[in-house]
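The next block holds one structure in the form of C-alpha cells; read it before the comments.
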Amino acid sequence: MKTQNLKSLMITALAVLLSTYIALAQSIAVTGVVTDAQDNQPLPGVTVMLKGANKGVVTSEKGAYSIIAKKGDKLRFSFVGYEDKEVKAVDTVHDVSLLYAKGKLDGVLVVGYGVEKKRHLTGSTSTITGHVAGVNARGKTAPHIMLFEKVISSPVDYYYDADIFSNEGYEHADENRFKSAANDPLSTFSIDVDAASYSNMRRMVNMGQLPPKDAIRTEELVNYFSYDYEKPTGKDPVKFTAEVGECPWNKQYRLVRIGVKAREIASDNLPASNLVFLIDVSGSMYGATRLDLVKSSLKLLVNNLRDEDRVAIVVYAGAAGEVLPSTSGADKQKIREALDNLTAGGSTAGGAGIQLAYKIAQKNFIENGNNRVILCTDGDFNVGVSSKQGLEQLIEQERKSGVFLTILGYGMGNYKDNRMQTLAQKGNGNHAYIDNIQEANKVLVHEFGGTIYTVAKDVKLQIEFNPAKVQSYRLIGYESRLLNKEDFNDDTKDAGEMGAGHTVTAFYEVVPVGVTGSFPGSVDDLKYQKNQAVEARMVAAGSDELLTVKLRYKQPNEDKSSKMELPLMDNGNNNVSEDFRFAASVVMFSHLLRDSNFKGTATYNDVIALAKGALGSDEKGYRREFVRLVEAVKGMEK
C-alpha cells in the first residue's frame with residue numbers, strides 16, 4: 001500500500017514538473033525598442049502591457065523594454081499623445097513604432113521635464129489603466145525599466161494648456177478683511193515659519209511667468225527673509241517684539257509689525273537626530289529638477305551629519321519600502337550610495353510611505369533627541385490615501401508619535417502645493433520649496449537648525465486692539481492659520497512650530513481713531529442696541545496702548561503652554577527699523593502679485609525704492625535678489 005502511495009506521489013510530482021516545464025517553454029522574453037514613427041527617436045516612458053493581465057513594464061531612456069509573455073499573447077503599447085498599438089508576441093524581439101495622434105495634443109507646451117518638442121507630453125506621471133505619461137527627455141538619465149504587477153484603475157486629470165501651472169494645485173483663500181476694534185478686538189492666529197511660497201514664486205518668475213494669485217501667501221514671502229530681532233535670553237525659547245509706523249501704501253493708516261525670534265543653537269550642540277528620508281520615486285519625480293535635485297539636496301544634509309546622528313531611507317511609488325535601515329551619520333558614503341541608487345517610475349502611494357516612515361522613526365526613537373521625517377515630493381499622491389481630508393486624518397494621527405515633519409517640495413507643472421500645506425500644517429511640520437541647489441543649501445545647511453530642530457511647538461499669537469486708539473484693523477496674510485479667540489487658551493488646539501534660530505513676522509494694517517469718512521471695517525451705528533463702539537472707547541480711553549500682543553508656546557516635549565505678553569504704544573511717528581521697511585516692501589509686492597483689494601497706492605516702483613533703501617548688510621544677497629525679481633515682474637506687467 002505504501003509502495004503504491006509513493007508511486008502515486010512520484011507520478012504527481014513528475015506531472016507538475018512536466019507542466020511547469022511546458023509552461024516555461026511556452027514563455028518567452030520579448031524585448032525591443034519603441035520609437036516615434038515620424039522621426040525614429042526612442043520613446044522613454046511608454047507603457048507595455050500584457051493584454052488581459054495586470055502586468056507590464058515601462059520603456060527606458062532609450063525606449064527599450066523587456067517583458068515575459070507566452071507565444072501568441074498580445075502586447076499593448078500606450079503613451080499619452082500617441083495612438084495605442086497592439087502586437088502579437090510571436091518572436092523574442094519586437095521593435096514598435098507609435099504614431100503621434102495628430103490634432104490631439106497639438107500646441108501643448110511641455111515644460112515639466114524641460115522637453116522642447118511640443119508634441120511630446122510630459123505631465124503628471126502615474127501607472128494608470130495601461131497609460132504612463134512618461135518622460136520623453138532625450139539625452140538625460142532615465143529610470144531603469146520598471147516591472148509593476150498591479151495597474152491602478154482610477155484616472156488622473158491632465159491639463160493640456162499653454163499655462164504651464166494649470167496642473168499645479170493651490171488652495172484658494174480669501175484675503176483677511178478689516179475688523180472693528182470695538183466689536184471684535186481680538187485677533188488670533190498660529191505662527192507660520194514656512195517660506196515655500198517665496199521660492200515657488202521665484203521659480204515661476206525666473207521662467208518668465210507671473211504666478212497664480214493663490215500661489216502667493218504673503219506671510220511666506222515675508223518670512224523667507226531673516227530679521228534682526230532680539231534673541232531670547234531667559235527660560236523662554238522665544239522672544240517677541242513689536243513696532244509701528246506709517247503704512248507705505250496708505251499714508252492715513254498705521255502699520256504694525258510683530259516679530260518673533262526662536263533661540264539659536266549651534267549645530268554641534270543640537271541633540272542627536274533620528275531622521276527618516278521619505279522620498280517620492282514615482283514617475284512624476286523623474287528629472288533634473290525633481291529626483292536628481294532631491295538626491296543633491298539630501299547629500300548636502302548628509303555632509304553635515306555627526307556620528308551620533310542616524311538616517312533611514314524610505315521610498316514610495318506604487319508601494320512603499322525601506323531601502324536603507326537606520327544608519328549612523330559616520331557612514332556617509334553608505335547613505336550617499338543609497339541615494340544614488342534611487343530611480344523614478346510608477347504611481348504614487350504617498351499615504352503608505354508616510355505611515356512606514358513614521359513607523360521606522362518610532363522604532364529608532366531617541367529620547368530628548370530630534371526625531372523627524374523629511375518628506376521629499378511633488379505632492380502628486382494618487383494611490384491610497386490622497387484626498388485632503390484623508391491626508392489630514394492620517395497626519396494628525398501620526399503627529400501624536402512625537403516625530404516632527406519637514407516637507408521639501410520639488411518639481412513643476414504638476415506640483416501640488418495644497419497637499420504640502422495640508423501635511424505641514426497638520427503634522428507639526430514645516431514646508432520649503434526647493435527650486436535649485438542654492439535653495440537646498442539655504443534650507444538644509446545655512447538654516448539647518450531651524451529646518452530640523454524644533455525649540456517651541458504650538459506657538460500662537462493673540463492681539464487685543466485698544467478701541468480708543470484703533471477703529472479697525474486687518475491681519476495681513478495667515479489666512480490658513482486663523483484661530484478662534486477661544487483657541488488661544490486651549491492647549492489641545494494645534495498651532496505652528498519654531499525651529500532653532502527661526503524668525504516669524506506678522507503685519508497688521510490699522511485704521512487709527514480720527515480717520516474720518518467710510519473707512520474699511522466701519523459700519524453704521526446700531527439703532528436698536530447700545531453703541532458698543534462708543535462704550536468700548538470710553539472704557540479704554542485712559543490707556544495710551546495701541547494694542548497688546550500675547551503669545552503662547554509649548555516646550556517640544558510638553559503639553560502645557562506658557563504665556564507671554566507685551567503692550568505696544570504708538571506716538572504717531574515713523575521711526576521704524578530697516579527690517580520693518582524691507583518687510584513692508586515684501587508685503588506691497590505680495591499685494592501687487594495678488595492684485596489685492598487692499599494694495600492702496602502701491603506700485604512696483606514703490607516696492608523697489610523701499611526695498612533698495614533697506615538692504616542692510618545682506619550678506620547672502622537674498623534682499624538684492626528680491627529687488628531683481630520685482631524688477632522682472634514689473635517688466636512682465638508692462
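To be explicit about the labels: the chains of the C-alpha cells are called A, B, and onward in the order shown, and within each one the residues are counted from 1, while ligands get numbers from 1 in the order they are shown.
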Sort by chain and increasing residue number a table of all residues of region 505-601 of chain A within 12 Å of region 225-236 of chain A, each with its closest pair of atoms and their distance in Å to one decimal, counting only C-alpha atoms, and write it as JSON lines.
{"residue": "A:Thr505", "atom": "CA", "partner": "A:Tyr227", "partner_atom": "CA", "distance": 8.6}
{"residue": "A:Leu551", "atom": "CA", "partner": "A:Asp236", "partner_atom": "CA", "distance": 11.2}
{"residue": "A:Arg552", "atom": "CA", "partner": "A:Asp236", "partner_atom": "CA", "distance": 10.5}
{"residue": "A:Tyr553", "atom": "CA", "partner": "A:Asp236", "partner_atom": "CA", "distance": 9.0}
{"residue": "A:Lys554", "atom": "CA", "partner": "A:Asp236", "partner_atom": "CA", "distance": 9.6}
{"residue": "A:Gln555", "atom": "CA", "partner": "A:Asp236", "partner_atom": "CA", "distance": 8.9}
{"residue": "A:Ser561", "atom": "CA", "partner": "A:Asp236", "partner_atom": "CA", "distance": 11.1}
{"residue": "A:Ser562", "atom": "CA", "partner": "A:Asp236", "partner_atom": "CA", "distance": 8.6}
{"residue": "A:Lys563", "atom": "CA", "partner": "A:Asp236", "partner_atom": "CA", "distance": 9.7}
{"residue": "A:Met564", "atom": "CA", "partner": "A:Asp236", "partner_atom": "CA", "distance": 9.0}
{"residue": "A:Ser577", "atom": "CA", "partner": "A:Asp228", "partner_atom": "CA", "distance": 9.7}
{"residue": "A:Glu578", "atom": "CA", "partner": "A:Tyr227", "partner_atom": "CA", "distance": 9.4}
{"residue": "A:Asp579", "atom": "CA", "partner": "A:Tyr227", "partner_atom": "CA", "distance": 6.1}
{"residue": "A:Phe580", "atom": "CA", "partner": "A:Tyr227", "partner_atom": "CA", "distance": 8.8}
{"residue": "A:Arg581", "atom": "CA", "partner": "A:Tyr227", "partner_atom": "CA", "distance": 11.2}
{"residue": "A:Phe582", "atom": "CA", "partner": "A:Phe225", "partner_atom": "CA", "distance": 9.5}
{"residue": "A:Ala583", "atom": "CA", "partner": "A:Phe225", "partner_atom": "CA", "distance": 8.2}
{"residue": "A:Ala584", "atom": "CA", "partner": "A:Phe225", "partner_atom": "CA", "distance": 11.9}
{"residue": "A:Val586", "atom": "CA", "partner": "A:Phe225", "partner_atom": "CA", "distance": 9.7}
- Item | Selected residue, from A:Asn370, A:Asn605, A:Thr218, A:Arg257, that lies nearest to Asn176 (chain A) when counting only C-alpha atoms |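 Looking only at the distances to Asn176 (chain A), the closest residue turns out to be A:Thr218.
Using only C-alpha atoms, the shortest contact distance between Thr601 (chain A) and any of A:Cys247, A:Leu75, A:Leu629, A:Ile191 is found at A:Cys247.
Counting only C-alpha atoms, the residue from A:Ser296, A:Asn414, A:Thr492, A:Ser273 that sits nearest to Ser328 (chain A) is A:Ser273.
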- Message: Give me, as a VMD selection string, all polymer residues having an atom no more than 10 Å from Thr603 (chain A), counting only C-alpha atoms and skipping those fewer than 2 positions away in the same chain.
- Response: chain A and resid 249 588 to 589 591 to 592 599 to 601 605 to 609 634
Just the selected residues (C-alpha atoms), exported as an mmCIF file, in the first residue's frame, please.
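New file out34.cif:
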data_model
loop_
_atom_site.group_PDB
_atom_site.id
_atom_site.type_symbol
_atom_site.label_atom_id
_atom_site.label_comp_id
_atom_site.auth_asym_id
_atom_site.auth_seq_id
_atom_site.Cartn_x
_atom_site.Cartn_y
_atom_site.Cartn_z
ATOM 1 C CA TRP A 249 0.551 102.061 0.636
ATOM 2 C CA MET A 588 3.492 95.521 -1.035
ATOM 3 C CA PHE A 589 4.949 93.194 -3.658
ATOM 4 C CA HIS A 591 -0.359 92.749 -2.722
ATOM 5 C CA LEU A 592 0.551 93.585 -6.316
ATOM 6 C CA LYS A 599 -2.984 97.348 -2.271
ATOM 7 C CA GLY A 600 -3.868 101.036 -1.969
ATOM 8 C CA THR A 601 -1.427 103.274 -3.853
ATOM 9 C CA ASN A 605 8.452 101.391 -8.277
ATOM 10 C CA ASP A 606 7.386 101.968 -4.666
ATOM 11 C CA VAL A 607 8.370 98.407 -3.771
ATOM 12 C CA ILE A 608 11.782 98.747 -5.429
ATOM 13 C CA ALA A 609 12.513 102.121 -3.822
ATOM 14 C CA LYS A 634 7.495 94.966 -13.389
#
- Give me the residues within 10 Å of Met636 (chain A) as a PyMOL selection string, counting only C-alpha atoms and dropping any in the same chain fewer than 6 places off. chain A and resi 205+208-210+630
Neighbours of region 305-317 of chain A within 6 Å (only C-alpha atoms; same-chain residues fewer than 6 positions away dropped), as a PDB file with N, CA, C and O atoms, in the first residue's frame?
ATOM      1  N   ALA A 272      21.091  64.639  19.357  1.00  0.00           N
ATOM      2  CA  ALA A 272      21.239  63.633  18.305  1.00  0.00           C
ATOM      3  C   ALA A 272      19.966  63.540  17.476  1.00  0.00           C
ATOM      4  O   ALA A 272      18.855  63.651  17.998  1.00  0.00           O
ATOM      5  N   SER A 273      20.131  63.343  16.175  1.00  0.00           N
ATOM      6  CA  SER A 273      18.998  63.303  15.253  1.00  0.00           C
ATOM      7  C   SER A 273      18.707  61.883  14.790  1.00  0.00           C
ATOM      8  O   SER A 273      19.618  61.126  14.439  1.00  0.00           O
ATOM      9  N   ASN A 274      17.440  61.550  14.790  1.00  0.00           N
ATOM     10  CA  ASN A 274      16.933  60.315  14.199  1.00  0.00           C
ATOM     11  C   ASN A 274      16.076  60.737  13.016  1.00  0.00           C
ATOM     12  O   ASN A 274      14.934  61.145  13.179  1.00  0.00           O
ATOM     13  N   LEU A 275      16.656  60.685  11.810  1.00  0.00           N
ATOM     14  CA  LEU A 275      15.988  61.186  10.612  1.00  0.00           C
ATOM     15  C   LEU A 275      15.546  60.034   9.713  1.00  0.00           C
ATOM     16  O   LEU A 275      16.247  59.026   9.586  1.00  0.00           O
ATOM     17  N   VAL A 276      14.393  60.213   9.085  1.00  0.00           N
ATOM     18  CA  VAL A 276      13.940  59.292   8.043  1.00  0.00           C
ATOM     19  C   VAL A 276      13.701  60.111   6.788  1.00  0.00           C
ATOM     20  O   VAL A 276      12.834  60.987   6.764  1.00  0.00           O
ATOM     21  N   PHE A 277      14.499  59.844   5.750  1.00  0.00           N
ATOM     22  CA  PHE A 277      14.264  60.478   4.462  1.00  0.00           C
ATOM     23  C   PHE A 277      13.146  59.710   3.761  1.00  0.00           C
ATOM     24  O   PHE A 277      13.305  58.533   3.442  1.00  0.00           O
ATOM     25  N   LEU A 278      12.024  60.348   3.555  1.00  0.00           N
ATOM     26  CA  LEU A 278      10.894  59.734   2.856  1.00  0.00           C
ATOM     27  C   LEU A 278      10.838  60.336   1.459  1.00  0.00           C
ATOM     28  O   LEU A 278      10.498  61.511   1.295  1.00  0.00           O
ATOM     29  N   ILE A 279      11.180  59.547   0.447  1.00  0.00           N
ATOM     30  CA  ILE A 279      11.407  60.086  -0.895  1.00  0.00           C
ATOM     31  C   ILE A 279      10.406  59.515  -1.893  1.00  0.00           C
ATOM     32  O   ILE A 279      10.256  58.302  -2.034  1.00  0.00           O
ATOM     33  N   ASP A 280       9.729  60.406  -2.570  1.00  0.00           N
ATOM     34  CA  ASP A 280       8.801  60.055  -3.646  1.00  0.00           C
ATOM     35  C   ASP A 280       9.617  59.676  -4.881  1.00  0.00           C
ATOM     36  O   ASP A 280      10.339  60.511  -5.437  1.00  0.00           O
ATOM     37  N   VAL A 281       9.519  58.405  -5.307  1.00  0.00           N
ATOM     38  CA  VAL A 281      10.242  57.966  -6.513  1.00  0.00           C
ATOM     39  C   VAL A 281       9.252  57.543  -7.599  1.00  0.00           C
ATOM     40  O   VAL A 281       9.580  56.733  -8.464  1.00  0.00           O
ATOM     41  N   SER A 282       8.058  58.104  -7.555  1.00  0.00           N
ATOM     42  CA  SER A 282       7.072  57.810  -8.592  1.00  0.00           C
ATOM     43  C   SER A 282       7.504  58.459  -9.906  1.00  0.00           C
ATOM     44  O   SER A 282       8.443  59.258  -9.954  1.00  0.00           O
ATOM     45  N   VAL A 323      14.714  51.307   1.928  1.00  0.00           N
ATOM     46  CA  VAL A 323      15.885  50.981   1.119  1.00  0.00           C
ATOM     47  C   VAL A 323      17.180  51.131   1.914  1.00  0.00           C
ATOM     48  O   VAL A 323      18.230  50.671   1.476  1.00  0.00           O
ATOM     49  N   LEU A 324      17.105  51.791   3.058  1.00  0.00           N
ATOM     50  CA  LEU A 324      18.271  51.903   3.929  1.00  0.00           C
ATOM     51  C   LEU A 324      17.802  51.906   5.374  1.00  0.00           C
ATOM     52  O   LEU A 324      17.059  52.798   5.788  1.00  0.00           O
ATOM     53  N   PRO A 325      18.193  50.895   6.164  1.00  0.00           N
ATOM     54  CA  PRO A 325      17.839  50.918   7.580  1.00  0.00           C
ATOM     55  C   PRO A 325      18.572  52.060   8.283  1.00  0.00           C
ATOM     56  O   PRO A 325      19.503  52.643   7.731  1.00  0.00           O
ATOM     57  N   SER A 326      18.144  52.371   9.491  1.00  0.00           N
ATOM     58  CA  SER A 326      18.741  53.484  10.226  1.00  0.00           C
ATOM     59  C   SER A 326      20.248  53.312  10.320  1.00  0.00           C
ATOM     60  O   SER A 326      20.746  52.305  10.824  1.00  0.00           O
ATOM     61  N   THR A 327      20.980  54.305   9.805  1.00  0.00           N
ATOM     62  CA  THR A 327      22.432  54.211   9.634  1.00  0.00           C
ATOM     63  C   THR A 327      23.112  55.404  10.285  1.00  0.00           C
ATOM     64  O   THR A 327      22.629  56.533  10.178  1.00  0.00           O
ATOM     65  N   SER A 328      24.239  55.163  10.923  1.00  0.00           N
ATOM     66  CA  SER A 328      24.977  56.232  11.595  1.00  0.00           C
ATOM     67  C   SER A 328      25.471  57.281  10.609  1.00  0.00           C
ATOM     68  O   SER A 328      25.845  56.965   9.469  1.00  0.00           O
ATOM     69  N   GLY A 329      25.464  58.536  11.062  1.00  0.00           N
ATOM     70  CA  GLY A 329      25.995  59.617  10.246  1.00  0.00           C
ATOM     71  C   GLY A 329      27.475  59.466   9.961  1.00  0.00           C
ATOM     72  O   GLY A 329      28.012  60.162   9.092  1.00  0.00           O
ATOM     73  N   ALA A 330      28.155  58.570  10.686  1.00  0.00           N
ATOM     74  CA  ALA A 330      29.571  58.314  10.420  1.00  0.00           C
ATOM     75  C   ALA A 330      29.761  57.583   9.094  1.00  0.00           C
ATOM     76  O   ALA A 330      30.822  57.675   8.473  1.00  0.00           O
ATOM     77  N   GLY A 346       6.446  54.805 -11.837  1.00  0.00           N
ATOM     78  CA  GLY A 346       5.279  54.215 -11.204  1.00  0.00           C
ATOM     79  C   GLY A 346       4.317  55.230 -10.631  1.00  0.00           C
ATOM     80  O   GLY A 346       4.474  56.429 -10.786  1.00  0.00           O
ATOM     81  N   SER A 347       3.303  54.737  -9.943  1.00  0.00           N
ATOM     82  CA  SER A 347       2.278  55.584  -9.338  1.00  0.00           C
ATOM     83  C   SER A 347       2.739  56.058  -7.968  1.00  0.00           C
ATOM     84  O   SER A 347       3.860  55.794  -7.561  1.00  0.00           O
ATOM     85  N   THR A 348       1.859  56.755  -7.231  1.00  0.00           N
ATOM     86  CA  THR A 348       2.307  57.480  -6.055  1.00  0.00           C
ATOM     87  C   THR A 348       1.476  57.141  -4.833  1.00  0.00           C
ATOM     88  O   THR A 348       0.421  57.737  -4.610  1.00  0.00           O
ATOM     89  N   ALA A 349       1.948  56.198  -4.024  1.00  0.00           N
ATOM     90  CA  ALA A 349       1.254  55.795  -2.804  1.00  0.00           C
ATOM     91  C   ALA A 349       1.830  56.564  -1.623  1.00  0.00           C
ATOM     92  O   ALA A 349       2.518  56.014  -0.771  1.00  0.00           O
ATOM     93  N   GLY A 353       3.675  55.514   2.222  1.00  0.00           N
ATOM     94  CA  GLY A 353       5.040  55.933   2.522  1.00  0.00           C
ATOM     95  C   GLY A 353       5.126  56.683   3.835  1.00  0.00           C
ATOM     96  O   GLY A 353       6.040  56.471   4.643  1.00  0.00           O
TER      97      GLY A 353
END
- Could you give me, as a VMD selection string, each residue of region 445-594 of chain A that DSSP assigns to alpha helix (DSSP H) when run on this structure's backbone? chain A and resid 448 to 452 532 to 540 578 to 594
Write the residues you've just listed into a file as a short mmCIF file (atom, residue, chain, number, x, y, z; two decimals), in the first residue's frame, and include C-alpha atoms for each of them.
data_model
loop_
_atom_site.label_atom_id
_atom_site.label_comp_id
_atom_site.auth_asym_id
_atom_site.auth_seq_id
_atom_site.Cartn_x
_atom_site.Cartn_y
_atom_site.Cartn_z
CA PHE A 448 19.86 73.58 9.36
CA GLY A 449 18.82 74.11 12.99
CA GLY A 450 15.62 75.95 12.12
CA THR A 451 14.65 73.39 9.48
CA ILE A 452 15.47 70.30 11.51
CA GLN A 532 -20.71 99.14 21.71
CA ALA A 533 -18.03 101.11 19.90
CA VAL A 534 -18.67 104.25 21.98
CA GLU A 535 -18.79 102.28 25.23
CA ALA A 536 -15.59 100.41 24.40
CA ARG A 537 -13.76 103.63 23.64
CA MET A 538 -14.91 105.15 26.92
CA VAL A 539 -13.61 102.14 28.86
CA ALA A 540 -10.26 102.17 27.04
CA GLU A 578 15.43 98.93 8.38
CA ASP A 579 13.96 95.44 8.72
CA PHE A 580 10.48 96.97 9.09
CA ARG A 581 10.85 98.87 5.83
CA PHE A 582 12.20 95.91 3.87
CA ALA A 583 9.50 93.54 5.14
CA ALA A 584 6.85 96.17 4.29
CA SER A 585 8.19 96.27 0.72
CA VAL A 586 7.69 92.48 0.51
CA VAL A 587 4.09 92.91 1.69
CA MET A 588 3.49 95.52 -1.03
CA PHE A 589 4.95 93.19 -3.66
CA SER A 590 2.64 90.41 -2.49
CA HIS A 591 -0.36 92.75 -2.72
CA LEU A 592 0.55 93.58 -6.32
CA LEU A 593 1.09 89.94 -7.30
CA ARG A 594 -2.31 89.04 -5.84
#
- Task: If you run DSSP over the backbone, which residues in region 409-495 of chain A end up strand (DSSP E or B)? Put them as number ranges by chain.
- Result: A: 409, 416, 429-433, 454-465, 470-476, 482
- Task: Using only C-alpha atoms, determine which residues lie at most 8 Å from Gly477 (chain A), disregarding the query and same-chain residues fewer than 2 positions distant; provide the list as a ChimeraX atom specification.
- Result: /A:175-176,217-219,475,479,506
With all heavy atoms retained, export the selected residues as an mmCIF file, in the first residue's frame.
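To be explicit, this is the file written out as again-v7.cif:
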data_model
loop_
_atom_site.group_PDB
_atom_site.id
_atom_site.type_symbol
_atom_site.label_atom_id
_atom_site.label_comp_id
_atom_site.auth_asym_id
_atom_site.auth_seq_id
_atom_site.Cartn_x
_atom_site.Cartn_y
_atom_site.Cartn_z
ATOM 1 N N GLU A 175 -8.678 86.992 1.134
ATOM 2 C CA GLU A 175 -7.857 87.834 1.991
ATOM 3 C C GLU A 175 -8.606 88.236 3.263
ATOM 4 O O GLU A 175 -9.823 88.425 3.258
ATOM 5 C CB GLU A 175 -7.463 89.111 1.242
ATOM 6 C CG GLU A 175 -6.408 88.919 0.181
ATOM 7 C CD GLU A 175 -6.017 90.239 -0.434
ATOM 8 O OE1 GLU A 175 -6.781 90.747 -1.270
ATOM 9 O OE2 GLU A 175 -4.951 90.776 -0.064
ATOM 10 N N ASN A 176 -7.845 88.362 4.351
ATOM 11 C CA ASN A 176 -8.428 88.879 5.584
ATOM 12 C C ASN A 176 -8.934 90.300 5.358
ATOM 13 O O ASN A 176 -8.282 91.101 4.687
ATOM 14 C CB ASN A 176 -7.387 88.888 6.710
ATOM 15 C CG ASN A 176 -6.962 87.492 7.101
ATOM 16 O OD1 ASN A 176 -7.765 86.562 7.088
ATOM 17 N ND2 ASN A 176 -5.704 87.332 7.458
ATOM 18 N N ARG A 217 1.316 83.414 -0.823
ATOM 19 C CA ARG A 217 0.932 83.545 0.578
ATOM 20 C C ARG A 217 1.849 84.606 1.186
ATOM 21 O O ARG A 217 3.054 84.384 1.349
ATOM 22 C CB ARG A 217 1.048 82.210 1.305
ATOM 23 C CG ARG A 217 0.018 81.185 0.860
ATOM 24 C CD ARG A 217 0.094 79.903 1.668
ATOM 25 N NE ARG A 217 1.294 79.156 1.388
ATOM 26 C CZ ARG A 217 1.447 78.301 0.385
ATOM 27 N NH1 ARG A 217 0.443 78.087 -0.461
ATOM 28 N NH2 ARG A 217 2.585 77.658 0.209
ATOM 29 N N THR A 218 1.269 85.740 1.511
ATOM 30 C CA THR A 218 2.052 86.907 1.910
ATOM 31 C C THR A 218 2.997 86.604 3.055
ATOM 32 O O THR A 218 4.173 87.003 3.032
ATOM 33 C CB THR A 218 1.112 88.062 2.299
ATOM 34 O OG1 THR A 218 0.252 88.349 1.205
ATOM 35 C CG2 THR A 218 1.895 89.308 2.668
ATOM 36 N N GLU A 219 2.515 85.906 4.075
ATOM 37 C CA GLU A 219 3.362 85.630 5.241
ATOM 38 C C GLU A 219 4.592 84.810 4.876
ATOM 39 O O GLU A 219 5.666 84.960 5.476
ATOM 40 C CB GLU A 219 2.555 84.934 6.339
ATOM 41 C CG GLU A 219 2.131 83.510 6.056
ATOM 42 C CD GLU A 219 0.844 83.384 5.254
ATOM 43 O OE1 GLU A 219 0.391 84.421 4.697
ATOM 44 O OE2 GLU A 219 0.293 82.278 5.164
ATOM 45 N N LEU A 475 -5.332 91.758 9.696
ATOM 46 C CA LEU A 475 -4.158 90.890 9.693
ATOM 47 C C LEU A 475 -3.778 90.615 8.244
ATOM 48 O O LEU A 475 -4.611 90.195 7.438
ATOM 49 C CB LEU A 475 -4.463 89.573 10.417
ATOM 50 C CG LEU A 475 -3.390 88.478 10.340
ATOM 51 C CD1 LEU A 475 -2.085 88.941 10.970
ATOM 52 C CD2 LEU A 475 -3.881 87.188 11.007
ATOM 53 N N GLU A 479 -4.035 83.591 6.263
ATOM 54 C CA GLU A 479 -5.444 83.214 6.075
ATOM 55 C C GLU A 479 -5.713 81.756 6.442
ATOM 56 O O GLU A 479 -6.792 81.425 6.929
ATOM 57 C CB GLU A 479 -5.871 83.472 4.626
ATOM 58 C CG GLU A 479 -6.142 84.934 4.285
ATOM 59 C CD GLU A 479 -4.882 85.723 3.942
ATOM 60 O OE1 GLU A 479 -3.796 85.112 3.902
ATOM 61 O OE2 GLU A 479 -5.001 86.942 3.716
ATOM 62 N N ALA A 506 4.744 89.143 11.407
ATOM 63 C CA ALA A 506 3.346 89.357 11.047
ATOM 64 C C ALA A 506 3.064 90.857 11.017
ATOM 65 O O ALA A 506 3.608 91.615 11.830
ATOM 66 C CB ALA A 506 2.419 88.661 12.036
#
- Message: So that I can see what lies close to Ser297 (chain A), please list as a PyMOL selection string the residues with an atom at most 12 Å from it, counting only C-alpha atoms and leaving out residues fewer than 5 positions away in the same chain.
- Response: chain A and resi 277+279+288-292+302-304+336+339-340+374+376+408-410+433-445
- Task: Could you jot down the CA of Glu396 (chain A) to CA of Leu301 (chain A) separation for me, Å, one decimal place?
- Result: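 Distance reported for this atom pair: 26.8 Å.
Considering the residues A:Ala262, A:Leu547, A:Ala64, A:Leu298 and counting only C-alpha atoms, Ala468 (chain A) has its shortest atom-to-atom contact with A:Leu547.
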